[in-house]
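Encoded as structure tokens, the structure appears first; notes follow it.
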Amino acid sequence: MAIEFQLGFPPAFLLSLFLAIVYVGSLYIWKTSADRDNPDTIKRRFLSVSIVCLLAPPFLWIFSSNSDAPDARTLWEWLGIRISGIIPASVLPFVLTFVLFLGPVVLQYVEGIIYVFVDPRFWWASLRDIYWLRNHVVAPFSEEFIFRACMLPLLVPSLGATRAIFMCPLLFGVAHLHHVYEMVKQGTQFQDALFVCLFQFVYTTLFGIYSGYLFVQTGHLAAPVIVHAFCNHMGFPNFGAVLSYKRLQTRLFLMAAFTLGLVGWVISVRRITEPSLYSNHIYSLDI
């Protein structure tokens, strides 16, 4: 059944804000004094965000309307859950992001870290590690599902795709500010916690813009989820590590890798995210 979302901006924004509040609030419904890295806390939060993700689609459907218009789509298509184009959507955005992170990847090679990732024992251990599952599976999927797949169908019809891409990350970034509370709870000074989280807010907001762009251009949830998991693995690029090497040749080699990665990403981003590569007739940029 094809549906449309015909909400104006105020209700679309309020519904998106509600989804963000419910998602973050679900992390705190459990009465416990344990910190966020306690295994029991993590398991409870897995349950909470899973319930939120299950309830979000019927919640969206309530605010949709049946339609025979050419732009109408099924709820699952609006959510980026479809078969057509799934393989390129799972591979090409990851390759594009790998190019962007070429510098950090080469840095891992120089430091010898990268060899760990070709060891099957590493992956077997990771799949049984609750912290790894949180950072690379549950968080990427649940955050992208709520903050991209569920919010963009609401915001795009009223704002247009471009402005919606910039709106969602603000909610995504604000949703990470709850870490201030958790850090203070663990003994961090409020000013230090606020500084760290404000930096994280900027970083997550920029990533959110990129992630929203990938979702709109590919029409697939898989694209931002896989890229999110990869970015969580890589973390923020450690530019300082480049300057820590005493050999000039090594520093120049690493700086060249960082530069080449950024230039390569800029050159290829529009070509690799061309909607036709992903059979995407659902979303499109309005610029």
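Identifiers for the structure tokens are assigned positionally: chains receive A, B, ... in sequence, residues are indexed from 1 per chain, and ligands are indexed from 1 in the order shown.
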
(message) Just want the 12 Å neighbourhood of Tyr245 in chain A, counted on only C-alpha atoms, with same-chain residues fewer than 3 positions away dropped. Output as a ChimeraX atom specification.
(response) /A:107,110-111,239-242,248-255

(request) Identify all residues of range 80-270 of chain A in alpha helix (DSSP H) (DSSP on the backbone) and supply them as a ChimeraX atom specification. (result) /A:86-100,102-111,120-126,130-133,139-144,152-159,161-175,179-185,190-218,222-234,239-243,248-270

(request) Find the spatial neighbours of range 119-136 of chain A, counting only C-alpha atoms, within a cut-off of 9 Å - ignore same-chain residues fewer than 2 positions away - and output them as an MDAnalysis selection string. (result) chainID A and resid 37 39 42:43 46 115:117 138:141 226 228:230 232:233

Within 7 Å of Arg73 in chain A, counting only C-alpha atoms, which residues show up once you throw out same-chain ones fewer than 3 positions away? Write them as a CSV table (one decimal) with all heavy atoms, in the first residue's frame, please.
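File produced: out_18.csv:
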chain,number,residue,atom,x,y,z
A,2,ALA,N,0.7,2.1,-1.0
A,2,ALA,CA,1.5,3.3,-1.1
A,2,ALA,C,0.9,4.4,-0.2
A,2,ALA,O,-0.3,4.6,0.0
A,2,ALA,CB,1.5,3.8,-2.6
A,3,ILE,N,1.8,5.1,0.4
A,3,ILE,CA,1.4,6.2,1.3
A,3,ILE,C,2.3,7.5,1.1
A,3,ILE,O,3.3,7.4,0.4
A,3,ILE,CB,1.6,5.8,2.8
A,3,ILE,CG1,3.1,5.5,3.1
A,3,ILE,CG2,0.7,4.6,3.2
A,3,ILE,CD1,3.4,5.2,4.5
A,4,GLU,N,1.8,8.6,1.6
A,4,GLU,CA,2.5,9.8,1.6
A,4,GLU,C,2.5,10.5,3.0
A,4,GLU,O,1.6,10.2,3.8
A,4,GLU,CB,1.8,10.8,0.6
A,4,GLU,CG,2.1,10.6,-0.9
A,4,GLU,CD,1.5,11.7,-1.7
A,4,GLU,OE1,0.3,11.9,-1.6
A,4,GLU,OE2,2.3,12.3,-2.5
A,77,GLU,N,9.6,1.4,1.8
A,77,GLU,CA,10.5,2.1,0.9
A,77,GLU,C,10.8,3.5,1.5
A,77,GLU,O,12.0,3.9,1.3
A,77,GLU,CB,9.7,2.3,-0.4
A,77,GLU,CG,9.6,1.0,-1.3
A,77,GLU,CD,8.8,1.2,-2.5
A,77,GLU,OE1,7.8,1.9,-2.5
A,77,GLU,OE2,9.2,0.6,-3.6
A,78,TRP,N,9.9,4.1,2.1
A,78,TRP,CA,10.2,5.4,2.8
A,78,TRP,C,11.3,5.2,3.9
A,78,TRP,O,12.2,6.0,4.1
A,78,TRP,CB,9.0,6.0,3.5
A,78,TRP,CG,8.0,6.6,2.6
A,78,TRP,CD1,6.7,6.2,2.4
A,78,TRP,CD2,8.2,7.7,1.7
A,78,TRP,NE1,6.1,7.0,1.5
A,78,TRP,CE2,7.0,8.0,1.0
A,78,TRP,CE3,9.3,8.6,1.4
A,78,TRP,CZ2,6.8,9.0,0.1
A,78,TRP,CZ3,9.1,9.6,0.5
A,78,TRP,CH2,7.9,9.8,-0.2

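You can rank A:Val216, A:Leu102, A:Ala72, A:Ile62 by their closest distance to Thr259 in chain A using only C-alpha atoms, and at the top of that list sits A:Leu102.
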
(message) I'd like to know which of A:Gly103, A:Gly85, A:Pro10, A:Gly219 is closest to Gly264 in chain A, using only C-alpha atoms.
(response) A:Gly103

(request) Pick out the residues sitting within 9 Å of Gly212 in chain A, and hand them over as an MDAnalysis selection string; count only C-alpha atoms, and ignore anything fewer than 4 positions along from it in its own chain. (result) chainID A and resid 144 147:149 152 164:166 168:169 207:208 216:217 224

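When CA of Leu155 in chain A is paired with CA of Phe9 in chain A, their separation reads 6.9 Å.
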
(message) Taking 6 positions as the minimum chain separation for residues in the same chain, which residues sit within 10 Å of Leu171 in chain A when counting only C-alpha atoms? Answer as a ChimeraX atom specification.
(response) /A:13,16-17,19-21,147,151,201,205,208

Those same residues - all heavy atoms - I'd like them written as a short mmCIF file (atom, residue, chain, number, x, y, z; two decimals), in the first residue's frame.
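Written out: again-v4.cif:
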data_model
loop_
_atom_site.label_atom_id
_atom_site.label_comp_id
_atom_site.auth_asym_id
_atom_site.auth_seq_id
_atom_site.Cartn_x
_atom_site.Cartn_y
_atom_site.Cartn_z
N PHE A 13 8.50 18.46 12.43
CA PHE A 13 9.62 18.69 13.35
C PHE A 13 9.30 18.18 14.74
O PHE A 13 10.15 17.54 15.39
CB PHE A 13 9.96 20.18 13.40
CG PHE A 13 11.00 20.50 14.43
CD1 PHE A 13 12.35 20.25 14.18
CD2 PHE A 13 10.65 21.05 15.66
CE1 PHE A 13 13.31 20.53 15.13
CE2 PHE A 13 11.61 21.34 16.62
CZ PHE A 13 12.94 21.08 16.35
N SER A 16 9.53 14.46 14.84
CA SER A 16 10.94 14.05 14.81
C SER A 16 11.58 14.27 16.17
O SER A 16 12.35 13.43 16.65
CB SER A 16 11.69 14.84 13.73
OG SER A 16 11.16 14.58 12.45
N LEU A 17 11.28 15.41 16.78
CA LEU A 17 11.80 15.69 18.12
C LEU A 17 11.29 14.67 19.12
O LEU A 17 12.04 14.21 20.00
CB LEU A 17 11.40 17.10 18.54
CG LEU A 17 11.86 17.57 19.93
CD1 LEU A 17 13.39 17.57 20.01
CD2 LEU A 17 11.30 18.94 20.25
N LEU A 19 10.51 11.56 18.48
CA LEU A 19 11.26 10.32 18.26
C LEU A 19 12.63 10.38 18.91
O LEU A 19 13.09 9.41 19.52
CB LEU A 19 11.41 10.07 16.75
CG LEU A 19 10.17 9.58 16.00
CD1 LEU A 19 10.42 9.59 14.50
CD2 LEU A 19 9.77 8.19 16.46
N ALA A 20 13.30 11.55 18.80
CA ALA A 20 14.62 11.71 19.41
C ALA A 20 14.53 11.59 20.92
O ALA A 20 15.36 10.93 21.57
CB ALA A 20 15.22 13.05 19.01
N ILE A 21 13.51 12.23 21.52
CA ILE A 21 13.35 12.20 22.97
C ILE A 21 13.05 10.79 23.46
O ILE A 21 13.60 10.33 24.46
CB ILE A 21 12.24 13.18 23.41
CG1 ILE A 21 12.69 14.62 23.16
CG2 ILE A 21 11.88 12.98 24.88
CD1 ILE A 21 11.59 15.65 23.38
N PHE A 147 17.02 8.25 13.44
CA PHE A 147 17.39 9.61 13.07
C PHE A 147 17.49 9.85 11.57
O PHE A 147 17.57 11.01 11.14
CB PHE A 147 18.71 10.00 13.74
CG PHE A 147 18.58 10.18 15.23
CD1 PHE A 147 18.79 9.13 16.09
CD2 PHE A 147 18.22 11.41 15.76
CE1 PHE A 147 18.66 9.28 17.47
CE2 PHE A 147 18.09 11.59 17.12
CZ PHE A 147 18.30 10.52 17.98
N MET A 151 12.95 9.85 10.46
CA MET A 151 12.77 11.30 10.47
C MET A 151 12.71 11.91 9.07
O MET A 151 11.92 12.83 8.82
CB MET A 151 13.88 11.97 11.28
CG MET A 151 13.81 11.69 12.76
SD MET A 151 15.04 12.66 13.67
CE MET A 151 14.80 11.99 15.33
N PHE A 201 29.28 16.83 19.75
CA PHE A 201 28.09 17.36 19.08
C PHE A 201 28.44 17.85 17.67
O PHE A 201 27.72 17.56 16.71
CB PHE A 201 27.50 18.51 19.91
CG PHE A 201 26.43 19.29 19.19
CD1 PHE A 201 25.14 18.80 19.10
CD2 PHE A 201 26.72 20.52 18.61
CE1 PHE A 201 24.17 19.51 18.43
CE2 PHE A 201 25.75 21.24 17.95
CZ PHE A 201 24.46 20.74 17.85
N THR A 205 27.18 15.92 14.38
CA THR A 205 26.33 16.69 13.49
C THR A 205 26.87 16.65 12.06
O THR A 205 26.11 16.45 11.10
CB THR A 205 26.21 18.15 13.97
OG1 THR A 205 25.61 18.17 15.27
CG2 THR A 205 25.36 18.97 13.02
N GLY A 208 26.20 13.33 10.77
CA GLY A 208 24.78 13.18 10.49
C GLY A 208 24.39 13.77 9.15
O GLY A 208 23.52 13.23 8.45
#

(message) With distances taken over only C-alpha atoms, which residue among A:Tyr283, A:Tyr203, A:Val156, A:Val99 lies nearest Ser268 in chain A?
(response) A:Val99

(message) Can you tell me which residues surround range 87-97 of chain A at a distance of at most 12 Å, considering only C-alpha atoms, apart from same-chain residues fewer than 6 positions away, and format the answer as an NGL selection string?
(response) :A and (80-81 or 103-105 or 207 or 210-211 or 213-231 or 234 or 261-280)

(message) To one decimal place in Å, what is the distance between CA of Tyr23 in chain A and CA of Met1 in chain A?
(response) 27.4 Å

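Between CA of Ser26 in chain A and CA of Leu60 in chain A lies a distance of 18.1 Å.
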